[in-house]
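**Q** File follows, run_35.pdb with PDB, C-alpha atoms, pLDDT in the B column:
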```pdb
ATOM      1  CA  MET A   1      11.282 -78.152  43.578  1.00 76.00           C
ATOM      2  CA  ALA A   2      15.017 -77.460  43.853  1.00 83.00           C
ATOM      3  CA  GLU A   3      17.434 -77.400  40.930  1.00 89.00           C
ATOM      4  CA  ARG A   4      21.175 -76.884  40.807  1.00 93.00           C
ATOM      5  CA  TYR A   5      22.642 -74.031  38.797  1.00 95.00           C
ATOM      6  CA  ILE A   6      26.218 -73.270  37.783  1.00 96.00           C
ATOM      7  CA  LYS A   7      27.575 -69.725  37.731  1.00 95.00           C
ATOM      8  CA  ARG A   8      28.958 -69.278  34.217  1.00 94.00           C
ATOM      9  CA  HIS A   9      29.565 -65.535  33.782  1.00 94.00           C
ATOM     10  CA  SER A  10      30.630 -62.897  36.315  1.00 94.00           C
ATOM     11  CA  LYS A  11      28.895 -59.557  36.667  1.00 95.00           C
ATOM     12  CA  GLN A  12      31.827 -57.761  35.039  1.00 96.00           C
ATOM     13  CA  THR A  13      31.683 -60.114  32.050  1.00 95.00           C
ATOM     14  CA  ARG A  14      27.944 -59.532  31.665  1.00 96.00           C
ATOM     15  CA  ILE A  15      28.288 -55.753  31.928  1.00 97.00           C
ATOM     16  CA  THR A  16      31.140 -55.673  29.398  1.00 96.00           C
ATOM     17  CA  HIS A  17      29.187 -57.917  27.032  1.00 95.00           C
ATOM     18  CA  GLY A  18      26.087 -55.720  27.373  1.00 95.00           C
ATOM     19  CA  ILE A  19      27.990 -52.508  26.648  1.00 96.00           C
ATOM     20  CA  VAL A  20      29.747 -54.005  23.617  1.00 95.00           C
ATOM     21  CA  VAL A  21      26.537 -55.519  22.204  1.00 94.00           C
ATOM     22  CA  ILE A  22      24.513 -52.321  22.572  1.00 95.00           C
ATOM     23  CA  ALA A  23      27.379 -50.252  21.138  1.00 95.00           C
ATOM     24  CA  CYS A  24      27.785 -52.684  18.226  1.00 93.00           C
ATOM     25  CA  ILE A  25      24.094 -52.544  17.330  1.00 93.00           C
ATOM     26  CA  TRP A  26      24.049 -48.745  17.472  1.00 94.00           C
ATOM     27  CA  LEU A  27      27.204 -48.543  15.350  1.00 93.00           C
ATOM     28  CA  MET A  28      25.520 -50.693  12.715  1.00 91.00           C
ATOM     29  CA  ILE A  29      22.451 -48.472  12.683  1.00 91.00           C
ATOM     30  CA  SER A  30      24.282 -45.145  12.730  1.00 91.00           C
ATOM     31  CA  GLY A  31      26.891 -46.424  10.276  1.00 89.00           C
ATOM     32  CA  LEU A  32      24.225 -46.925   7.636  1.00 88.00           C
ATOM     33  CA  PHE A  33      23.430 -43.217   7.751  1.00 85.00           C
ATOM     34  CA  VAL A  34      27.111 -42.286   7.758  1.00 81.00           C
ATOM     35  CA  PHE A  35      28.280 -44.502   4.895  1.00 81.00           C
ATOM     36  CA  VAL A  36      25.146 -44.848   2.719  1.00 84.00           C
ATOM     37  CA  PRO A  37      24.506 -41.507   0.946  1.00 84.00           C
ATOM     38  CA  PRO A  38      20.880 -42.234  -0.087  1.00 87.00           C
ATOM     39  CA  LEU A  39      19.910 -42.848   3.545  1.00 85.00           C
ATOM     40  CA  ALA A  40      21.681 -39.684   4.654  1.00 84.00           C
ATOM     41  CA  ALA A  41      19.871 -37.700   1.967  1.00 86.00           C
ATOM     42  CA  ALA A  42      16.532 -39.196   2.972  1.00 86.00           C
ATOM     43  CA  VAL A  43      16.729 -38.094   6.626  1.00 85.00           C
ATOM     44  CA  GLY A  44      18.387 -34.705   6.129  1.00 85.00           C
ATOM     45  CA  ASP A  45      21.562 -33.012   7.336  1.00 87.00           C
ATOM     46  CA  GLY A  46      20.512 -32.683  10.985  1.00 89.00           C
ATOM     47  CA  VAL A  47      19.848 -36.363  11.568  1.00 89.00           C
ATOM     48  CA  THR A  48      22.901 -37.377   9.536  1.00 89.00           C
ATOM     49  CA  ARG A  49      25.119 -35.063  11.580  1.00 90.00           C
ATOM     50  CA  ALA A  50      23.734 -36.480  14.833  1.00 92.00           C
ATOM     51  CA  MET A  51      24.283 -40.025  13.586  1.00 91.00           C
ATOM     52  CA  ARG A  52      27.837 -39.195  12.559  1.00 90.00           C
ATOM     53  CA  VAL A  53      28.678 -37.725  15.979  1.00 92.00           C
ATOM     54  CA  SER A  54      27.065 -40.619  17.837  1.00 94.00           C
ATOM     55  CA  HIS A  55      28.899 -43.092  15.592  1.00 93.00           C
ATOM     56  CA  ARG A  56      32.219 -41.630  16.693  1.00 92.00           C
ATOM     57  CA  ILE A  57      31.318 -41.448  20.392  1.00 94.00           C
ATOM     58  CA  VAL A  58      29.839 -44.941  20.562  1.00 95.00           C
ATOM     59  CA  GLY A  59      32.777 -46.228  18.507  1.00 93.00           C
ATOM     60  CA  CYS A  60      35.124 -45.054  21.273  1.00 93.00           C
ATOM     61  CA  ILE A  61      32.966 -46.832  23.866  1.00 96.00           C
ATOM     62  CA  PHE A  62      33.007 -49.990  21.715  1.00 95.00           C
ATOM     63  CA  ILE A  63      36.818 -49.916  21.691  1.00 94.00           C
ATOM     64  CA  LEU A  64      37.418 -48.894  25.306  1.00 95.00           C
ATOM     65  CA  ALA A  65      34.915 -51.168  27.088  1.00 96.00           C
ATOM     66  CA  PRO A  66      36.767 -54.483  26.532  1.00 95.00           C
ATOM     67  CA  ILE A  67      40.163 -52.837  27.057  1.00 96.00           C
ATOM     68  CA  VAL A  68      39.100 -51.377  30.425  1.00 97.00           C
ATOM     69  CA  SER A  69      37.519 -54.696  31.416  1.00 97.00           C
ATOM     70  CA  ALA A  70      40.721 -56.589  30.569  1.00 96.00           C
ATOM     71  CA  CYS A  71      42.772 -54.125  32.619  1.00 97.00           C
ATOM     72  CA  LEU A  72      40.410 -54.455  35.600  1.00 96.00           C
ATOM     73  CA  ALA A  73      40.559 -58.265  35.509  1.00 95.00           C
ATOM     74  CA  PRO A  74      43.808 -59.411  33.852  1.00 96.00           C
ATOM     75  CA  GLY A  75      43.352 -62.916  35.244  1.00 94.00           C
ATOM     76  CA  GLY A  76      39.949 -63.185  33.614  1.00 92.00           C
ATOM     77  CA  PHE A  77      41.357 -61.913  30.326  1.00 94.00           C
ATOM     78  CA  LYS A  78      44.122 -64.526  30.456  1.00 95.00           C
ATOM     79  CA  ALA A  79      41.535 -67.245  31.108  1.00 93.00           C
ATOM     80  CA  PHE A  80      39.468 -65.903  28.196  1.00 93.00           C
ATOM     81  CA  LEU A  81      42.422 -66.219  25.825  1.00 93.00           C
ATOM     82  CA  HIS A  82      43.148 -69.740  27.048  1.00 92.00           C
ATOM     83  CA  LYS A  83      39.557 -70.862  26.433  1.00 92.00           C
ATOM     84  CA  TYR A  84      39.551 -69.583  22.864  1.00 92.00           C
ATOM     85  CA  PHE A  85      43.123 -70.319  21.812  1.00 91.00           C
ATOM     86  CA  THR A  86      43.424 -73.939  22.861  1.00 91.00           C
ATOM     87  CA  LYS A  87      44.152 -77.195  21.058  1.00 92.00           C
ATOM     88  CA  TRP A  88      41.111 -78.819  19.490  1.00 94.00           C
ATOM     89  CA  THR A  89      40.058 -82.258  20.705  1.00 94.00           C
ATOM     90  CA  PRO A  90      38.452 -85.046  18.622  1.00 95.00           C
ATOM     91  CA  GLN A  91      35.131 -83.986  20.171  1.00 96.00           C
ATOM     92  CA  ASP A  92      35.661 -80.454  18.848  1.00 96.00           C
ATOM     93  CA  PHE A  93      36.075 -81.706  15.294  1.00 96.00           C
ATOM     94  CA  GLU A  94      33.097 -84.038  15.697  1.00 97.00           C
ATOM     95  CA  PHE A  95      30.982 -81.117  16.905  1.00 96.00           C
ATOM     96  CA  MET A  96      31.810 -79.062  13.830  1.00 96.00           C
ATOM     97  CA  LYS A  97      31.127 -82.025  11.549  1.00 96.00           C
ATOM     98  CA  LYS A  98      27.660 -82.454  13.054  1.00 96.00           C
ATOM     99  CA  PHE A  99      26.823 -78.766  13.471  1.00 95.00           C
ATOM    100  CA  VAL A 100      24.805 -78.214  10.286  1.00 94.00           C
ATOM    101  CA  PRO A 101      22.753 -81.433  10.669  1.00 95.00           C
ATOM    102  CA  TYR A 102      22.188 -80.471  14.314  1.00 95.00           C
ATOM    103  CA  MET A 103      20.874 -77.037  13.364  1.00 94.00           C
ATOM    104  CA  LEU A 104      18.497 -78.643  10.863  1.00 93.00           C
ATOM    105  CA  GLY A 105      17.282 -81.381  13.201  1.00 93.00           C
ATOM    106  CA  PRO A 106      18.532 -81.097  16.808  1.00 92.00           C
ATOM    107  CA  LYS A 107      16.356 -83.956  18.075  1.00 91.00           C
ATOM    108  CA  ARG A 108      17.917 -86.396  15.614  1.00 93.00           C
ATOM    109  CA  VAL A 109      21.592 -85.548  16.180  1.00 95.00           C
ATOM    110  CA  HIS A 110      23.567 -86.360  19.322  1.00 94.00           C
ATOM    111  CA  MET A 111      26.347 -83.829  19.857  1.00 95.00           C
ATOM    112  CA  PRO A 112      29.588 -84.707  21.686  1.00 96.00           C
ATOM    113  CA  ASP A 113      30.454 -83.201  25.053  1.00 95.00           C
ATOM    114  CA  GLN A 114      32.192 -79.839  24.923  1.00 96.00           C
ATOM    115  CA  ASP A 115      34.394 -77.707  27.145  1.00 95.00           C
ATOM    116  CA  GLU A 116      33.399 -74.303  28.518  1.00 95.00           C
ATOM    117  CA  VAL A 117      33.634 -72.826  25.024  1.00 95.00           C
ATOM    118  CA  LYS A 118      32.410 -74.998  22.154  1.00 95.00           C
ATOM    119  CA  SER A 119      34.521 -75.363  19.045  1.00 95.00           C
ATOM    120  CA  GLY A 120      31.789 -73.728  16.968  1.00 94.00           C
ATOM    121  CA  GLN A 121      31.612 -70.874  19.446  1.00 93.00           C
ATOM    122  CA  ARG A 122      35.359 -70.340  19.146  1.00 95.00           C
ATOM    123  CA  ILE A 123      34.958 -69.865  15.400  1.00 93.00           C
ATOM    124  CA  ALA A 124      31.857 -67.657  15.601  1.00 92.00           C
ATOM    125  CA  ASP A 125      33.108 -65.531  18.503  1.00 92.00           C
ATOM    126  CA  GLY A 126      36.535 -65.414  16.888  1.00 92.00           C
ATOM    127  CA  MET A 127      34.979 -63.872  13.802  1.00 92.00           C
ATOM    128  CA  LEU A 128      33.135 -61.364  15.986  1.00 92.00           C
ATOM    129  CA  ILE A 129      36.363 -60.447  17.770  1.00 93.00           C
ATOM    130  CA  LEU A 130      38.331 -60.235  14.518  1.00 93.00           C
ATOM    131  CA  GLY A 131      35.552 -58.178  12.943  1.00 92.00           C
ATOM    132  CA  GLY A 132      35.413 -55.875  15.952  1.00 92.00           C
ATOM    133  CA  ILE A 133      39.171 -55.279  15.863  1.00 94.00           C
ATOM    134  CA  ALA A 134      39.134 -54.667  12.098  1.00 95.00           C
ATOM    135  CA  MET A 135      36.217 -52.230  12.457  1.00 93.00           C
ATOM    136  CA  ALA A 136      37.923 -50.452  15.349  1.00 93.00           C
ATOM    137  CA  VAL A 137      41.264 -50.058  13.589  1.00 94.00           C
ATOM    138  CA  SER A 138      39.800 -49.014  10.239  1.00 94.00           C
ATOM    139  CA  GLY A 139      37.355 -46.673  11.958  1.00 92.00           C
ATOM    140  CA  LEU A 140      40.117 -44.981  13.922  1.00 93.00           C
ATOM    141  CA  VAL A 141      42.195 -44.487  10.781  1.00 93.00           C
ATOM    142  CA  LEU A 142      39.186 -43.037   8.952  1.00 91.00           C
ATOM    143  CA  LEU A 143      38.475 -40.687  11.857  1.00 89.00           C
ATOM    144  CA  LEU A 144      41.994 -39.633  12.798  1.00 91.00           C
ATOM    145  CA  GLY A 145      43.270 -39.726   9.225  1.00 89.00           C
ATOM    146  CA  THR A 146      40.885 -36.944   8.287  1.00 85.00           C
ATOM    147  CA  SER A 147      41.211 -34.878  11.461  1.00 85.00           C
ATOM    148  CA  VAL A 148      44.374 -35.377  13.542  1.00 84.00           C
ATOM    149  CA  PHE A 149      46.715 -36.348  10.687  1.00 86.00           C
ATOM    150  CA  HIS A 150      46.485 -36.461   6.905  1.00 86.00           C
ATOM    151  CA  ALA A 151      46.182 -40.030   5.615  1.00 87.00           C
ATOM    152  CA  SER A 152      46.656 -40.634   1.917  1.00 92.00           C
ATOM    153  CA  ALA A 153      43.636 -41.140  -0.303  1.00 92.00           C
ATOM    154  CA  GLY A 154      44.778 -44.712  -0.998  1.00 93.00           C
ATOM    155  CA  ALA A 155      45.025 -45.547   2.712  1.00 92.00           C
ATOM    156  CA  LEU A 156      41.573 -44.110   3.377  1.00 93.00           C
ATOM    157  CA  LEU A 157      40.131 -46.065   0.467  1.00 94.00           C
ATOM    158  CA  VAL A 158      41.593 -49.316   1.841  1.00 95.00           C
ATOM    159  CA  MET A 159      40.302 -48.566   5.339  1.00 94.00           C
ATOM    160  CA  ARG A 160      36.872 -47.760   3.927  1.00 92.00           C
ATOM    161  CA  PHE A 161      36.835 -51.115   2.118  1.00 94.00           C
ATOM    162  CA  VAL A 162      37.911 -52.950   5.304  1.00 94.00           C
ATOM    163  CA  HIS A 163      35.260 -51.107   7.304  1.00 93.00           C
ATOM    164  CA  ASP A 164      32.516 -51.992   4.793  1.00 90.00           C
ATOM    165  CA  LEU A 165      33.636 -55.620   4.420  1.00 93.00           C
ATOM    166  CA  PHE A 166      33.723 -56.371   8.127  1.00 92.00           C
ATOM    167  CA  PHE A 167      30.474 -54.497   8.630  1.00 91.00           C
ATOM    168  CA  ILE A 168      28.778 -57.085   6.406  1.00 90.00           C
ATOM    169  CA  LEU A 169      30.542 -59.975   8.168  1.00 91.00           C
ATOM    170  CA  LEU A 170      29.634 -58.600  11.581  1.00 90.00           C
ATOM    171  CA  VAL A 171      25.969 -58.291  10.640  1.00 90.00           C
ATOM    172  CA  ILE A 172      25.931 -61.969   9.619  1.00 92.00           C
ATOM    173  CA  PHE A 173      27.665 -63.234  12.747  1.00 91.00           C
ATOM    174  CA  VAL A 174      25.793 -60.904  15.109  1.00 91.00           C
ATOM    175  CA  VAL A 175      22.463 -62.163  13.770  1.00 91.00           C
ATOM    176  CA  ALA A 176      23.648 -65.769  14.224  1.00 91.00           C
ATOM    177  CA  HIS A 177      24.920 -64.922  17.718  1.00 90.00           C
ATOM    178  CA  ILE A 178      21.563 -63.434  18.692  1.00 91.00           C
ATOM    179  CA  TYR A 179      19.691 -66.413  17.216  1.00 92.00           C
ATOM    180  CA  LEU A 180      21.583 -68.817  19.467  1.00 90.00           C
ATOM    181  CA  GLY A 181      22.409 -66.627  22.460  1.00 88.00           C
ATOM    182  CA  ALA A 182      18.881 -65.290  22.867  1.00 88.00           C
ATOM    183  CA  GLY A 183      17.496 -68.820  22.870  1.00 89.00           C
ATOM    184  CA  ILE A 184      15.470 -68.440  19.675  1.00 92.00           C
ATOM    185  CA  PHE A 185      16.848 -71.813  18.536  1.00 92.00           C
ATOM    186  CA  GLN A 186      14.934 -74.260  20.761  1.00 90.00           C
ATOM    187  CA  PRO A 187      17.863 -76.227  22.286  1.00 91.00           C
ATOM    188  CA  TYR A 188      19.274 -72.918  23.547  1.00 92.00           C
ATOM    189  CA  ARG A 189      16.100 -71.792  25.329  1.00 89.00           C
ATOM    190  CA  GLY A 190      17.045 -70.195  28.640  1.00 86.00           C
ATOM    191  CA  THR A 191      20.559 -69.192  27.622  1.00 89.00           C
ATOM    192  CA  LEU A 192      19.524 -65.522  27.498  1.00 90.00           C
ATOM    193  CA  ARG A 193      19.956 -65.583  31.265  1.00 91.00           C
ATOM    194  CA  LEU A 194      23.676 -66.235  30.880  1.00 93.00           C
ATOM    195  CA  MET A 195      24.533 -62.739  29.648  1.00 94.00           C
ATOM    196  CA  TRP A 196      21.361 -60.739  30.272  1.00 94.00           C
ATOM    197  CA  GLY A 197      20.399 -62.244  33.610  1.00 93.00           C
ATOM    198  CA  ASP A 198      22.380 -63.481  36.596  1.00 94.00           C
ATOM    199  CA  GLY A 199      24.917 -65.484  34.601  1.00 95.00           C
ATOM    200  CA  LYS A 200      23.717 -68.898  35.826  1.00 95.00           C
ATOM    201  CA  VAL A 201      22.867 -72.000  33.814  1.00 94.00           C
ATOM    202  CA  SER A 202      20.832 -74.950  35.050  1.00 93.00           C
ATOM    203  CA  GLU A 203      22.635 -78.227  35.656  1.00 94.00           C
ATOM    204  CA  SER A 204      20.657 -79.965  32.906  1.00 93.00           C
ATOM    205  CA  ASN A 205      21.400 -77.281  30.295  1.00 93.00           C
ATOM    206  CA  ALA A 206      25.054 -77.130  31.327  1.00 95.00           C
ATOM    207  CA  LEU A 207      25.457 -80.888  30.928  1.00 95.00           C
ATOM    208  CA  TYR A 208      23.674 -80.793  27.578  1.00 94.00           C
ATOM    209  CA  HIS A 209      25.699 -77.948  26.059  1.00 94.00           C
ATOM    210  CA  TRP A 210      29.060 -78.078  27.861  1.00 96.00           C
ATOM    211  CA  GLY A 211      29.353 -81.589  29.295  1.00 95.00           C
ATOM    212  CA  PHE A 212      33.075 -81.587  30.138  1.00 96.00           C
ATOM    213  CA  TRP A 213      32.954 -78.155  31.761  1.00 96.00           C
ATOM    214  CA  ALA A 214      29.709 -78.847  33.638  1.00 96.00           C
ATOM    215  CA  ARG A 215      30.986 -82.045  35.241  1.00 96.00           C
ATOM    216  CA  GLU A 216      34.179 -80.297  36.340  1.00 95.00           C
ATOM    217  CA  GLU A 217      32.201 -77.438  37.905  1.00 96.00           C
ATOM    218  CA  LEU A 218      29.776 -79.821  39.621  1.00 95.00           C
ATOM    219  CA  GLU A 219      32.680 -81.811  41.036  1.00 94.00           C
ATOM    220  CA  LYS A 220      34.429 -78.698  42.377  1.00 93.00           C
ATOM    221  CA  GLY A 221      31.172 -77.202  43.657  1.00 92.00           C
ATOM    222  CA  ASP A 222      32.530 -73.649  44.024  1.00 92.00           C
ATOM    223  CA  ASN A 223      30.166 -72.115  41.484  1.00 92.00           C
ATOM    224  CA  VAL A 224      27.191 -74.390  42.126  1.00 94.00           C
ATOM    225  CA  VAL A 225      24.055 -73.042  43.808  1.00 92.00           C
ATOM    226  CA  VAL A 226      20.656 -74.581  44.541  1.00 91.00           C
ATOM    227  CA  GLU A 227      17.535 -72.623  43.642  1.00 86.00           C
ATOM    228  CA  GLU A 228      13.861 -73.320  44.111  1.00 78.00           C
ATOM    229  CA  THR A 229      11.997 -73.599  40.811  1.00 72.00           C
ATOM    230  CA  LYS A 230       8.285 -73.201  40.226  1.00 66.00           C
TER
END
```
Represent the structure of the file as structure tokens.
**A**
Amino acid sequence: MAERYIKRHSKQTRITHGIVVIACIWLMISGLFVFVPPLAAAVGDGVTRAMRVSHRIVGCIFILAPIVSACLAPGGFKAFLHKYFTKWTPQDFEFMKKFVPYMLGPKRVHMPDQDEVKSGQRIADGMLILGGIAMAVSGLVLLLGTSVFHASAGALLVMRFVHDLFFILLVIFVVAHIYLGAGIFQPYRGTLRLMWGDGKVSESNALYHWGFWAREELEKGDNVVVEETK
């Protein structure tokens, strides 16, 4: 049986996403040993030192990966900004109004059609992006302010607070992102393929989740492929 699929994410997008996600998860794990003294004391100086070094190295990768990707594909980066920073439609507001009831009972709630990026996704991903930037900036100040230049104690205290605050926010939104993106929530089953597979989405799933975008892509046909399904 044949089914149509739409190419949603390029290989570069998937690679960049994978690097950032893996780096983010490791930074959360290693950061606990760097910033929580009881954990550091429990594992000993050797492990804590290794975690601290890896936290700095992976932090650089976390910062550089999206920057390098944007430089390699400036057109894609411009399109990314347009998708996230765009005027909301009545359907966007309706989606947000129905989001909580939908999460509690997806079979009972009919969601409006959405563009390539849903309004809820703009908020959630926006928080992830904002959190990532805040973590990157505060982390750099904490690192460089105690090695390359001498930052004041007040500045370091503020950066430490920002780092801790956005760490908590990132944990919350990363867990929510995984819950939906990995397809744990039933209506999103199969979406793991979008970022951790070949970047394609079936026609039926595309129409269900991103109706406006899916119909445009199907009409153009450039990113539409037919695959045999079992």
**Q** Fewer than 3 positions away in the same chain doesn't count, so skip those; otherwise give me all residues within 7 Å of A:Trp210, counting all atoms listed in the file, as a short mmCIF file (atom, residue, chain, number, x, y, z; two decimals) with C-alpha atoms, in the frame of the given file.
**A**
```
data_model
loop_
_atom_site.label_atom_id
_atom_site.label_comp_id
_atom_site.auth_asym_id
_atom_site.auth_seq_id
_atom_site.Cartn_x
_atom_site.Cartn_y
_atom_site.Cartn_z
CA ASP A 113 30.45 -83.20 25.05
CA GLN A 114 32.19 -79.84 24.92
CA ASP A 115 34.39 -77.71 27.14
CA GLU A 116 33.40 -74.30 28.52
CA ALA A 206 25.05 -77.13 31.33
CA LEU A 207 25.46 -80.89 30.93
CA TRP A 213 32.95 -78.16 31.76
CA ALA A 214 29.71 -78.85 33.64
#
```
**Q** Given the file shown, enumerate the residues that the PyMOL selection byres ((chain A and resi 94) around 12) captures and present them as an mmCIF file with C-alpha atoms, in the frame of the given file.
**A**
```cif
data_model
loop_
_atom_site.group_PDB
_atom_site.id
_atom_site.type_symbol
_atom_site.label_atom_id
_atom_site.label_comp_id
_atom_site.auth_asym_id
_atom_site.auth_seq_id
_atom_site.Cartn_x
_atom_site.Cartn_y
_atom_site.Cartn_z
ATOM 1 C CA TRP A 88 41.111 -78.819 19.490
ATOM 2 C CA THR A 89 40.058 -82.258 20.705
ATOM 3 C CA PRO A 90 38.452 -85.046 18.622
ATOM 4 C CA GLN A 91 35.131 -83.986 20.171
ATOM 5 C CA ASP A 92 35.661 -80.454 18.848
ATOM 6 C CA PHE A 93 36.075 -81.706 15.294
ATOM 7 C CA PHE A 95 30.982 -81.117 16.905
ATOM 8 C CA MET A 96 31.810 -79.062 13.830
ATOM 9 C CA LYS A 97 31.127 -82.025 11.549
ATOM 10 C CA LYS A 98 27.660 -82.454 13.054
ATOM 11 C CA PHE A 99 26.823 -78.766 13.471
ATOM 12 C CA VAL A 100 24.805 -78.214 10.286
ATOM 13 C CA PRO A 101 22.753 -81.433 10.669
ATOM 14 C CA TYR A 102 22.188 -80.471 14.314
ATOM 15 C CA VAL A 109 21.592 -85.548 16.180
ATOM 16 C CA HIS A 110 23.567 -86.360 19.322
ATOM 17 C CA MET A 111 26.347 -83.829 19.857
ATOM 18 C CA PRO A 112 29.588 -84.707 21.686
ATOM 19 C CA ASP A 113 30.454 -83.201 25.053
ATOM 20 C CA GLN A 114 32.192 -79.839 24.923
ATOM 21 C CA LYS A 118 32.410 -74.998 22.154
ATOM 22 C CA SER A 119 34.521 -75.363 19.045
ATOM 23 C CA GLY A 120 31.789 -73.728 16.968
#
```
**Q** Would you mind listing what lies within 7 Å of A:Glu203 as a PyMOL selection string, with only C-alpha atoms counted and same-chain residues fewer than 4 positions away left out?
**A** chain A and resi 4-6+207
**Q** Can you write just those residues out, C-alpha atoms, as a CSV table (one decimal), keeping the file's coordinate frame?
**A**
```csv
chain,number,residue,atom,x,y,z
A,4,ARG,CA,21.2,-76.9,40.8
A,5,TYR,CA,22.6,-74.0,38.8
A,6,ILE,CA,26.2,-73.3,37.8
A,207,LEU,CA,25.5,-80.9,30.9
```
**Q** Exactly which residues make up the result of the PyMOL selection byres ((chain A and resi 68) around 12) on this file, given as an NGL selection string?
**A** :A and (12-13 or 15-16 or 19-20 or 60-67 or 69-74 or 77)
**Q** Name the residues that the PyMOL selection byres ((chain A and resi 50-56) around 7) pulls out of this structure, and write them as a ChimeraX atom specification.
**A** /A:27,30-31,33-34,46-49,57-60
**Q** Using Å and a single decimal, report how far atom CA of A:His9 sits from atom CA of A:Gly199.
**A**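 Computing the Euclidean distance for atom CA of A:Gly199 and atom CA of A:His9 yields 4.7 Å.
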**Q** Given 4 Å of margin on each side, can you work out the centre and size in Å (one decimal) of an axis-aligned box holding every listed atom of stretch 155-174 of chain A, as lines of an AutoDock Vina configuration file?
**A**
```
center_x = 35.4
center_y = -53.7
center_z = 7.8
size_x = 27.2
size_y = 27.1
size_z = 22.6
```
**Q** Which is closest to A:Glu227 among A:Val201, A:Ala2, A:Val141, A:Leu39, if we use all atoms listed in the file?
**A**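 Closest to A:Glu227 of all the choices is A:Ala2.
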**Q** Kindly indicate which residue among A:Thr191, A:Thr86, A:Gln186, A:Ser138 lies nearest to A:Arg160, using all atoms listed in the file for the distances.
**A**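 Nearest to A:Arg160: A:Ser138.
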